[in-house]
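Containing mmCIF, N, CA, C and O atoms: data.cif.
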data_start
loop_
_atom_site.label_atom_id
_atom_site.label_comp_id
_atom_site.auth_asym_id
_atom_site.auth_seq_id
_atom_site.Cartn_x
_atom_site.Cartn_y
_atom_site.Cartn_z
N MET A 779 101.14 140.08 77.98
CA MET A 779 101.41 141.29 78.73
C MET A 779 100.37 142.33 78.34
O MET A 779 100.02 142.48 77.18
N ALA A 780 99.89 143.07 79.31
CA ALA A 780 98.88 144.09 79.09
C ALA A 780 99.48 145.28 78.33
O ALA A 780 100.62 145.67 78.58
N LYS A 781 98.69 145.81 77.41
CA LYS A 781 99.14 146.97 76.63
C LYS A 781 98.77 148.25 77.38
O LYS A 781 97.63 148.44 77.77
N ILE A 782 99.75 149.10 77.57
CA ILE A 782 99.52 150.38 78.23
C ILE A 782 99.29 151.42 77.13
O ILE A 782 100.11 151.54 76.22
N PRO A 783 98.21 152.17 77.20
CA PRO A 783 97.94 153.17 76.15
C PRO A 783 99.04 154.23 76.06
O PRO A 783 99.61 154.65 77.08
N ALA A 784 99.31 154.66 74.84
CA ALA A 784 100.33 155.68 74.62
C ALA A 784 100.00 156.97 75.36
O ALA A 784 100.91 157.68 75.80
N ALA A 785 98.71 157.27 75.52
CA ALA A 785 98.32 158.48 76.26
C ALA A 785 98.83 158.41 77.69
O ALA A 785 99.34 159.41 78.22
N ALA A 786 98.73 157.25 78.31
CA ALA A 786 99.21 157.08 79.69
C ALA A 786 100.73 157.14 79.76
O ALA A 786 101.30 157.71 80.70
N VAL A 787 101.39 156.57 78.77
CA VAL A 787 102.86 156.60 78.74
C VAL A 787 103.35 158.03 78.60
O VAL A 787 104.27 158.46 79.32
N ALA A 788 102.75 158.79 77.70
CA ALA A 788 103.18 160.18 77.48
C ALA A 788 102.94 161.04 78.71
O ALA A 788 103.82 161.80 79.14
N ALA A 789 101.76 160.93 79.29
CA ALA A 789 101.45 161.71 80.50
C ALA A 789 102.38 161.32 81.64
O ALA A 789 102.90 162.18 82.36
N SER A 790 102.62 160.03 81.79
CA SER A 790 103.53 159.56 82.84
C SER A 790 104.95 160.03 82.60
O SER A 790 105.69 160.29 83.56
N GLY A 791 105.34 160.14 81.34
CA GLY A 791 106.69 160.63 81.02
C GLY A 791 106.89 162.08 81.45
O GLY A 791 107.94 162.44 81.98
N LEU A 792 105.87 162.89 81.23
CA LEU A 792 105.97 164.30 81.65
C LEU A 792 105.99 164.43 83.17
O LEU A 792 106.84 165.12 83.73
N VAL A 793 105.09 163.73 83.83
CA VAL A 793 105.03 163.80 85.29
C VAL A 793 106.25 163.12 85.90
O VAL A 793 106.90 163.67 86.80
N GLY A 794 106.57 161.93 85.41
CA GLY A 794 107.71 161.19 85.94
C GLY A 794 109.04 161.87 85.69
O GLY A 794 109.91 161.87 86.56
N GLY A 795 109.21 162.44 84.51
CA GLY A 795 110.45 163.15 84.21
C GLY A 795 110.67 164.31 85.16
O GLY A 795 111.78 164.50 85.67
N TYR A 796 109.61 165.07 85.41
CA TYR A 796 109.74 166.18 86.35
C TYR A 796 110.01 165.66 87.76
O TYR A 796 110.87 166.18 88.47
N GLY A 797 109.28 164.62 88.16
CA GLY A 797 109.47 164.06 89.50
C GLY A 797 110.88 163.54 89.72
O GLY A 797 111.50 163.81 90.75
N VAL A 798 111.40 162.83 88.75
CA VAL A 798 112.77 162.31 88.86
C VAL A 798 113.76 163.45 88.96
O VAL A 798 114.66 163.44 89.81
N ALA A 799 113.61 164.46 88.10
CA ALA A 799 114.54 165.60 88.14
C ALA A 799 114.47 166.34 89.47
O ALA A 799 115.49 166.73 90.04
N ARG A 800 113.27 166.50 89.97
CA ARG A 800 113.11 167.25 91.22
C ARG A 800 113.65 166.48 92.42
O ARG A 800 114.34 167.03 93.27
N TRP A 801 113.30 165.20 92.51
CA TRP A 801 113.67 164.44 93.72
C TRP A 801 115.12 163.97 93.73
O TRP A 801 115.68 163.77 94.80
N THR A 802 115.71 163.79 92.55
CA THR A 802 117.12 163.38 92.53
C THR A 802 118.06 164.59 92.43
O THR A 802 119.25 164.45 92.63
N ARG A 803 117.46 165.75 92.10
CA ARG A 803 118.23 166.97 91.86
C ARG A 803 119.22 166.80 90.69
O ARG A 803 120.25 167.45 90.64
N LYS A 804 118.88 165.91 89.78
CA LYS A 804 119.70 165.67 88.59
C LYS A 804 118.80 165.82 87.36
O LYS A 804 118.08 164.89 86.97
N ARG A 805 118.86 167.01 86.77
CA ARG A 805 117.99 167.30 85.63
C ARG A 805 118.22 166.35 84.45
O ARG A 805 117.27 165.95 83.80
N PRO A 806 119.47 165.95 84.16
CA PRO A 806 119.67 165.02 83.05
C PRO A 806 118.96 163.67 83.27
O PRO A 806 118.49 163.05 82.31
N LEU A 807 118.88 163.24 84.50
CA LEU A 807 118.18 161.99 84.80
C LEU A 807 116.68 162.13 84.53
O LEU A 807 116.05 161.24 83.96
N GLY A 808 116.12 163.27 84.90
CA GLY A 808 114.72 163.54 84.58
C GLY A 808 114.50 163.64 83.09
O GLY A 808 113.49 163.16 82.56
N GLY A 809 115.45 164.24 82.39
CA GLY A 809 115.37 164.34 80.93
C GLY A 809 115.42 162.97 80.27
O GLY A 809 114.74 162.73 79.27
N ALA A 810 116.22 162.07 80.85
CA ALA A 810 116.29 160.71 80.31
C ALA A 810 114.95 160.00 80.47
O ALA A 810 114.48 159.32 79.55
N ALA A 811 114.33 160.15 81.64
CA ALA A 811 113.02 159.54 81.87
C ALA A 811 112.00 160.11 80.89
O ALA A 811 111.19 159.37 80.32
N LEU A 812 112.02 161.42 80.70
CA LEU A 812 111.12 162.09 79.76
C LEU A 812 111.34 161.56 78.34
O LEU A 812 110.38 161.25 77.62
N ALA A 813 112.60 161.42 77.94
CA ALA A 813 112.93 160.97 76.59
C ALA A 813 112.54 159.51 76.36
O ALA A 813 112.00 159.17 75.29
N VAL A 814 112.78 158.65 77.32
CA VAL A 814 112.42 157.24 77.17
C VAL A 814 110.91 157.09 77.02
O VAL A 814 110.43 156.38 76.13
N ALA A 815 110.16 157.75 77.88
CA ALA A 815 108.70 157.68 77.78
C ALA A 815 108.22 158.26 76.45
O ALA A 815 107.30 157.72 75.83
N GLY A 816 108.83 159.35 76.02
CA GLY A 816 108.46 159.95 74.74
C GLY A 816 108.74 159.02 73.57
O GLY A 816 107.94 158.93 72.64
N ALA A 817 109.86 158.31 73.62
CA ALA A 817 110.20 157.37 72.56
C ALA A 817 109.22 156.20 72.52
O ALA A 817 108.78 155.76 71.45
N VAL A 818 108.86 155.69 73.69
CA VAL A 818 107.89 154.59 73.76
C VAL A 818 106.53 155.05 73.23
O VAL A 818 105.88 154.36 72.44
N ALA A 819 106.11 156.24 73.65
CA ALA A 819 104.83 156.78 73.18
C ALA A 819 104.86 157.00 71.67
O ALA A 819 103.90 156.67 70.96
N ALA A 820 105.96 157.56 71.16
CA ALA A 820 106.08 157.81 69.72
C ALA A 820 106.01 156.51 68.93
O ALA A 820 105.37 156.44 67.87
N TYR A 821 106.65 155.48 69.43
CA TYR A 821 106.58 154.17 68.78
C TYR A 821 105.13 153.67 68.71
O TYR A 821 104.68 153.19 67.67
N GLU A 822 104.43 153.79 69.82
CA GLU A 822 103.02 153.35 69.87
C GLU A 822 102.15 154.21 68.95
O GLU A 822 101.26 153.69 68.27
N TRP A 823 102.38 155.53 68.96
CA TRP A 823 101.61 156.41 68.08
C TRP A 823 101.82 156.04 66.62
O TRP A 823 100.89 156.00 65.83
N ASN A 824 103.06 155.76 66.27
CA ASN A 824 103.37 155.38 64.90
C ASN A 824 102.72 154.05 64.55
O ASN A 824 102.16 153.89 63.46
N ARG A 825 102.75 153.12 65.47
CA ARG A 825 102.18 151.79 65.24
C ARG A 825 100.66 151.84 65.09
O ARG A 825 100.09 151.16 64.25
N THR A 826 100.01 152.66 65.92
CA THR A 826 98.55 152.67 65.91
C THR A 826 97.92 153.70 64.98
O THR A 826 96.83 153.46 64.45
N ALA A 827 98.58 154.84 64.77
CA ALA A 827 97.95 155.92 64.00
C ALA A 827 98.76 156.36 62.78
O ALA A 827 98.31 157.20 62.02
N GLY A 828 99.96 155.84 62.62
CA GLY A 828 100.77 156.18 61.46
C GLY A 828 101.80 157.26 61.73
O GLY A 828 101.78 157.93 62.77
N PRO A 829 102.69 157.46 60.77
CA PRO A 829 103.81 158.39 60.97
C PRO A 829 103.42 159.86 61.08
O PRO A 829 104.03 160.60 61.84
N ARG A 830 102.39 160.29 60.36
CA ARG A 830 101.99 161.69 60.46
C ARG A 830 101.44 162.01 61.84
O ARG A 830 101.78 163.04 62.44
N ALA A 831 100.61 161.13 62.36
CA ALA A 831 100.06 161.33 63.71
C ALA A 831 101.18 161.26 64.74
O ALA A 831 101.21 162.05 65.69
N ALA A 832 102.09 160.32 64.57
CA ALA A 832 103.21 160.18 65.51
C ALA A 832 104.08 161.43 65.52
O ALA A 832 104.50 161.90 66.59
N THR A 833 104.32 161.99 64.35
CA THR A 833 105.12 163.21 64.27
C THR A 833 104.41 164.37 64.97
O THR A 833 105.02 165.11 65.74
N GLY A 834 103.13 164.51 64.71
CA GLY A 834 102.35 165.58 65.33
C GLY A 834 102.29 165.44 66.85
O GLY A 834 102.46 166.42 67.59
N LEU A 835 102.04 164.22 67.31
CA LEU A 835 101.94 164.00 68.76
C LEU A 835 103.30 164.13 69.45
O LEU A 835 103.38 164.62 70.58
N THR A 836 104.35 163.70 68.78
CA THR A 836 105.70 163.87 69.35
C THR A 836 106.05 165.35 69.45
O THR A 836 106.63 165.79 70.45
N THR A 837 105.68 166.12 68.43
CA THR A 837 105.90 167.56 68.48
C THR A 837 105.10 168.18 69.62
O THR A 837 105.60 169.04 70.35
N ALA A 838 103.87 167.73 69.80
CA ALA A 838 103.04 168.22 70.90
C ALA A 838 103.65 167.84 72.25
O ALA A 838 103.59 168.63 73.20
N TYR A 839 104.23 166.66 72.35
CA TYR A 839 104.88 166.20 73.59
C TYR A 839 106.05 167.12 73.96
O TYR A 839 106.16 167.57 75.10
N VAL A 840 106.87 167.43 72.98
CA VAL A 840 108.01 168.33 73.22
C VAL A 840 107.51 169.74 73.55
O VAL A 840 108.04 170.41 74.45
N ALA A 841 106.48 170.19 72.84
CA ALA A 841 105.91 171.51 73.12
C ALA A 841 105.29 171.56 74.52
O ALA A 841 105.37 172.58 75.20
N ALA A 842 104.68 170.47 74.94
CA ALA A 842 104.10 170.41 76.29
C ALA A 842 105.20 170.53 77.34
O ALA A 842 105.04 171.24 78.34
N PHE A 843 106.30 169.84 77.12
CA PHE A 843 107.44 169.95 78.03
C PHE A 843 107.93 171.40 78.11
O PHE A 843 108.10 171.95 79.20
N ALA A 844 108.13 172.03 76.96
CA ALA A 844 108.59 173.42 76.95
C ALA A 844 107.53 174.35 77.55
O ALA A 844 107.86 175.25 78.33
N GLY A 845 106.29 174.11 77.21
CA GLY A 845 105.21 174.96 77.71
C GLY A 845 105.02 174.86 79.22
O GLY A 845 104.57 175.82 79.85
N SER A 846 105.37 173.72 79.78
CA SER A 846 105.22 173.58 81.23
C SER A 846 106.12 174.56 81.98
O SER A 846 105.77 175.02 83.06
N HIS A 847 107.25 174.89 81.39
CA HIS A 847 108.16 175.84 82.04
C HIS A 847 107.53 177.23 82.09
O HIS A 847 107.63 177.93 83.11
N VAL A 848 106.91 177.63 81.01
CA VAL A 848 106.25 178.93 80.96
C VAL A 848 105.03 178.95 81.88
O VAL A 848 104.82 179.89 82.64
N LEU A 849 104.25 177.88 81.82
CA LEU A 849 103.05 177.78 82.62
C LEU A 849 103.36 177.73 84.12
O LEU A 849 102.58 178.20 84.94
N ALA A 850 104.52 177.18 84.46
CA ALA A 850 104.91 177.07 85.88
C ALA A 850 105.04 178.43 86.54
O ALA A 850 104.80 178.57 87.75
N LYS A 851 105.38 179.45 85.77
CA LYS A 851 105.50 180.80 86.33
C LYS A 851 104.14 181.35 86.75
O LYS A 851 104.06 182.20 87.63
N LYS A 852 103.08 180.86 86.13
CA LYS A 852 101.73 181.33 86.44
C LYS A 852 101.02 180.44 87.45
O LYS A 852 100.32 180.92 88.33
N LEU A 853 101.20 179.11 87.33
CA LEU A 853 100.45 178.17 88.15
C LEU A 853 101.26 177.52 89.27
O LEU A 853 100.67 177.00 90.22
N GLY A 854 102.56 177.45 89.11
CA GLY A 854 103.39 176.65 89.99
C GLY A 854 103.85 175.42 89.21
O GLY A 854 103.26 175.04 88.21
N ALA A 855 104.90 174.79 89.72
CA ALA A 855 105.53 173.69 88.97
C ALA A 855 104.61 172.48 88.79
O ALA A 855 104.35 172.04 87.67
N TRP A 856 104.15 171.90 89.89
CA TRP A 856 103.34 170.69 89.78
C TRP A 856 102.03 170.93 89.03
O TRP A 856 101.67 170.11 88.16
N PRO A 857 101.29 171.99 89.31
CA PRO A 857 100.07 172.21 88.53
C PRO A 857 100.34 172.35 87.03
O PRO A 857 99.55 171.88 86.20
N ALA A 858 101.45 172.98 86.68
CA ALA A 858 101.80 173.14 85.27
C ALA A 858 102.09 171.78 84.63
O ALA A 858 101.63 171.49 83.52
N VAL A 859 102.84 170.95 85.33
CA VAL A 859 103.17 169.63 84.80
C VAL A 859 101.91 168.79 84.63
O VAL A 859 101.72 168.13 83.60
N PHE A 860 101.04 168.81 85.62
CA PHE A 860 99.80 168.03 85.51
C PHE A 860 98.90 168.57 84.40
O PHE A 860 98.22 167.79 83.71
N THR A 861 98.90 169.87 84.19
CA THR A 861 98.09 170.46 83.12
C THR A 861 98.56 170.01 81.75
O THR A 861 97.76 169.58 80.92
N VAL A 862 99.87 170.10 81.50
CA VAL A 862 100.37 169.70 80.18
C VAL A 862 100.29 168.19 79.99
O VAL A 862 100.06 167.70 78.88
N ALA A 863 100.45 167.43 81.07
CA ALA A 863 100.32 165.97 80.98
C ALA A 863 98.88 165.60 80.59
O ALA A 863 98.67 164.72 79.74
N GLY A 864 97.92 166.26 81.19
CA GLY A 864 96.53 166.02 80.82
C GLY A 864 96.25 166.42 79.39
O GLY A 864 95.50 165.74 78.67
N GLY A 865 96.84 167.51 78.96
CA GLY A 865 96.66 167.96 77.58
C GLY A 865 97.21 166.98 76.56
O GLY A 865 96.56 166.67 75.56
N ILE A 866 98.41 166.46 76.82
CA ILE A 866 99.00 165.51 75.87
C ILE A 866 98.26 164.18 75.91
O ILE A 866 98.09 163.53 74.88
N ALA A 867 97.78 163.79 77.07
CA ALA A 867 96.99 162.55 77.16
C ALA A 867 95.70 162.69 76.36
O ALA A 867 95.31 161.77 75.63
N ALA A 868 95.04 163.83 76.48
CA ALA A 868 93.80 164.07 75.74
C ALA A 868 94.06 164.10 74.23
O ALA A 868 93.30 163.52 73.45
N ALA A 869 95.14 164.75 73.83
CA ALA A 869 95.47 164.82 72.40
C ALA A 869 95.78 163.42 71.87
O ALA A 869 95.32 163.04 70.78
N SER A 870 96.53 162.65 72.62
CA SER A 870 96.87 161.29 72.21
C SER A 870 95.62 160.44 72.08
O SER A 870 95.43 159.73 71.09
N TRP A 871 94.75 160.52 73.06
CA TRP A 871 93.51 159.75 73.01
C TRP A 871 92.66 160.16 71.81
O TRP A 871 92.12 159.31 71.10
N ALA A 872 92.56 161.46 71.58
CA ALA A 872 91.73 161.96 70.47
C ALA A 872 92.24 161.48 69.12
O ALA A 872 91.44 161.13 68.23
N VAL A 873 93.54 161.43 68.96
CA VAL A 873 94.12 161.03 67.67
C VAL A 873 94.09 159.50 67.50
O VAL A 873 93.76 159.01 66.41
N THR A 874 94.40 158.78 68.53
CA THR A 874 94.53 157.32 68.39
C THR A 874 93.22 156.56 68.58
O THR A 874 93.12 155.41 68.16
N ARG A 875 92.22 157.14 69.18
CA ARG A 875 90.97 156.41 69.43
C ARG A 875 90.23 156.07 68.15
O ARG A 875 89.55 155.07 68.06
N ARG A 876 90.37 156.89 67.14
CA ARG A 876 89.68 156.66 65.86
C ARG A 876 90.28 155.47 65.12
O ARG A 876 89.61 154.82 64.36
N VAL A 877 91.55 155.23 65.37
CA VAL A 877 92.26 154.18 64.65
C VAL A 877 92.13 152.84 65.35
O VAL A 877 92.00 151.80 64.71
N ALA A 878 92.15 152.84 66.65
CA ALA A 878 92.20 151.59 67.43
C ALA A 878 90.98 150.75 67.33
O ALA A 878 89.98 150.90 66.83
#

Kindly return the structure encoded in the file as structure tokens.
Amino acid sequence: MAKIPAAAVAASGLVGGYGVARWTRKRPLGGAALAVAGAVAAYEWNRTAGPRAATGLTTAYVAAFAGSHVLAKKLGAWPAVFTVAGGIAAASWAVTRRVA
């Protein structure tokens, strides 16, 4: 089975979580999608870069989620989500590329 990079999983979790919440009109369902993707990404971060990197990137993932709400007031919802998703993907790549 092909390995999907944690950066892609994390970015997809942010975008997918928002998309699920918006289109189903059920915020808890979007939160579940966000949490599952975050858990998968955290597992991969821990496996490839160690627990300190995984903790830092997981904290960044949660901060990106929270920050998207603030950013949405300035940019709009979708642009904010794509911005934070790109940021977490870049951070994940930067931290894990040295180890892989």

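With distances restricted to only N, CA, C and O atoms, A:Ala789 is the closest residue to Ala868 in chain A from A:Ala789, A:Thr833, A:Ala855, A:Val848.
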
Residues of range 822-841 of chain A within 8 Å of range 871-876 of chain A: nearest atom pair and distance (Å, one decimal) for each, counting all atoms listed in the file, sorted by chain and number, as a tab-separated table?
residue	atom	partner	partner_atom	distance
A:Glu822	O	A:Thr874	CA	7.6
A:Trp823	O	A:Thr874	CA	7.0
A:Thr826	O	A:Thr874	O	5.6
A:Ala827	CA	A:Val873	O	5.7
A:Gly828	N	A:Val873	O	7.9
A:Ala831	CA	A:Val873	CA	7.1

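Interatomic distance, atom O of Val814 in chain A to atom O of Gly854 in chain A: 23.4 Å.
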
Ala813 in chain A proximity check over A:Gly795, A:Gly834, A:Pro783, A:Gly845, using all atoms listed in the file: winner is A:Gly795

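Rounded to one decimal, CA of Ala842 in chain A and CA of Arg825 in chain A lie 21.7 Å from each other.
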
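Atom to atom, atom N of Leu792 in chain A and atom O of Ala811 in chain A stand 6.4 Å apart.
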
Starting from the shown file, work through the PyMOL selection byres ((chain A and resi 862) around 8) and note down what comes out as an MDAnalysis selection string. chainID A and resid 788:789 792:793 838:839 841:843 845:846 855:861 863:869

Taking (104.1, 155.1, 73.5) as a centre in this file's frame and 4.5 Å as the limit, can you find every polymer residue with an atom that close, using all atoms listed in the file, and give them as a PyMOL selection string? chain A and resi 784+818-820+822

Missing atoms in range 842-853 of chain A need filling: write out all heavy atoms for it as a tab-separated table (two decimals), keeping the file's coordinate frame.
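selection37.tsv was written with the following content:
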chain	number	residue	atom	x	y	z
A	842	ALA	N	104.68	170.47	74.94
A	842	ALA	CA	104.10	170.41	76.29
A	842	ALA	C	105.20	170.53	77.34
A	842	ALA	O	105.04	171.24	78.34
A	842	ALA	CB	103.32	169.11	76.48
A	843	PHE	N	106.30	169.84	77.12
A	843	PHE	CA	107.44	169.95	78.03
A	843	PHE	C	107.93	171.40	78.11
A	843	PHE	O	108.10	171.95	79.20
A	843	PHE	CB	108.57	169.03	77.56
A	843	PHE	CG	109.89	169.29	78.24
A	843	PHE	CD1	110.06	169.00	79.58
A	843	PHE	CD2	110.96	169.81	77.53
A	843	PHE	CE1	111.28	169.25	80.21
A	843	PHE	CE2	112.16	170.06	78.15
A	843	PHE	CZ	112.32	169.78	79.49
A	844	ALA	N	108.13	172.03	76.96
A	844	ALA	CA	108.59	173.42	76.95
A	844	ALA	C	107.53	174.35	77.55
A	844	ALA	O	107.86	175.25	78.33
A	844	ALA	CB	108.91	173.84	75.52
A	845	GLY	N	106.29	174.11	77.21
A	845	GLY	CA	105.21	174.96	77.71
A	845	GLY	C	105.02	174.86	79.22
A	845	GLY	O	104.57	175.82	79.85
A	846	SER	N	105.37	173.72	79.78
A	846	SER	CA	105.22	173.58	81.23
A	846	SER	C	106.12	174.56	81.98
A	846	SER	O	105.77	175.02	83.06
A	846	SER	CB	105.51	172.14	81.67
A	846	SER	OG	106.88	171.83	81.53
A	847	HIS	N	107.25	174.89	81.39
A	847	HIS	CA	108.16	175.84	82.04
A	847	HIS	C	107.53	177.23	82.09
A	847	HIS	O	107.63	177.93	83.11
A	847	HIS	CB	109.50	175.88	81.30
A	847	HIS	CG	110.29	174.63	81.45
A	847	HIS	ND1	110.04	173.51	80.70
A	847	HIS	CD2	111.32	174.32	82.27
A	847	HIS	CE1	110.90	172.57	81.06
A	847	HIS	NE2	111.67	173.03	82.02
A	848	VAL	N	106.91	177.63	81.01
A	848	VAL	CA	106.25	178.93	80.96
A	848	VAL	C	105.03	178.95	81.88
A	848	VAL	O	104.82	179.89	82.64
A	848	VAL	CB	105.84	179.26	79.50
A	848	VAL	CG1	105.06	180.56	79.44
A	848	VAL	CG2	107.06	179.30	78.60
A	849	LEU	N	104.25	177.88	81.82
A	849	LEU	CA	103.05	177.78	82.62
A	849	LEU	C	103.36	177.73	84.12
A	849	LEU	O	102.58	178.20	84.94
A	849	LEU	CB	102.27	176.53	82.20
A	849	LEU	CG	100.82	176.41	82.57
A	849	LEU	CD1	100.02	177.61	82.07
A	849	LEU	CD2	100.25	175.12	81.98
A	850	ALA	N	104.52	177.18	84.46
A	850	ALA	CA	104.91	177.07	85.88
A	850	ALA	C	105.04	178.43	86.54
A	850	ALA	O	104.80	178.57	87.75
A	850	ALA	CB	106.21	176.29	86.01
A	851	LYS	N	105.38	179.45	85.77
A	851	LYS	CA	105.50	180.80	86.33
A	851	LYS	C	104.14	181.35	86.75
A	851	LYS	O	104.06	182.20	87.63
A	851	LYS	CB	106.18	181.71	85.33
A	851	LYS	CG	107.63	181.33	85.11
A	851	LYS	CD	108.30	182.18	84.08
A	851	LYS	CE	109.72	181.67	83.90
A	851	LYS	NZ	110.47	182.37	82.92
A	852	LYS	N	103.08	180.86	86.13
A	852	LYS	CA	101.73	181.33	86.44
A	852	LYS	C	101.02	180.44	87.45
A	852	LYS	O	100.32	180.92	88.33
A	852	LYS	CB	100.89	181.37	85.16
A	852	LYS	CG	101.46	182.23	84.08
A	852	LYS	CD	100.71	183.50	83.98
A	852	LYS	CE	101.23	184.27	82.79
A	852	LYS	NZ	101.41	185.65	83.06
A	853	LEU	N	101.20	179.11	87.33
A	853	LEU	CA	100.45	178.17	88.15
A	853	LEU	C	101.26	177.52	89.27
A	853	LEU	O	100.67	177.00	90.22
A	853	LEU	CB	99.91	177.02	87.27
A	853	LEU	CG	98.98	177.37	86.13
A	853	LEU	CD1	98.62	176.12	85.35
A	853	LEU	CD2	97.73	178.03	86.66
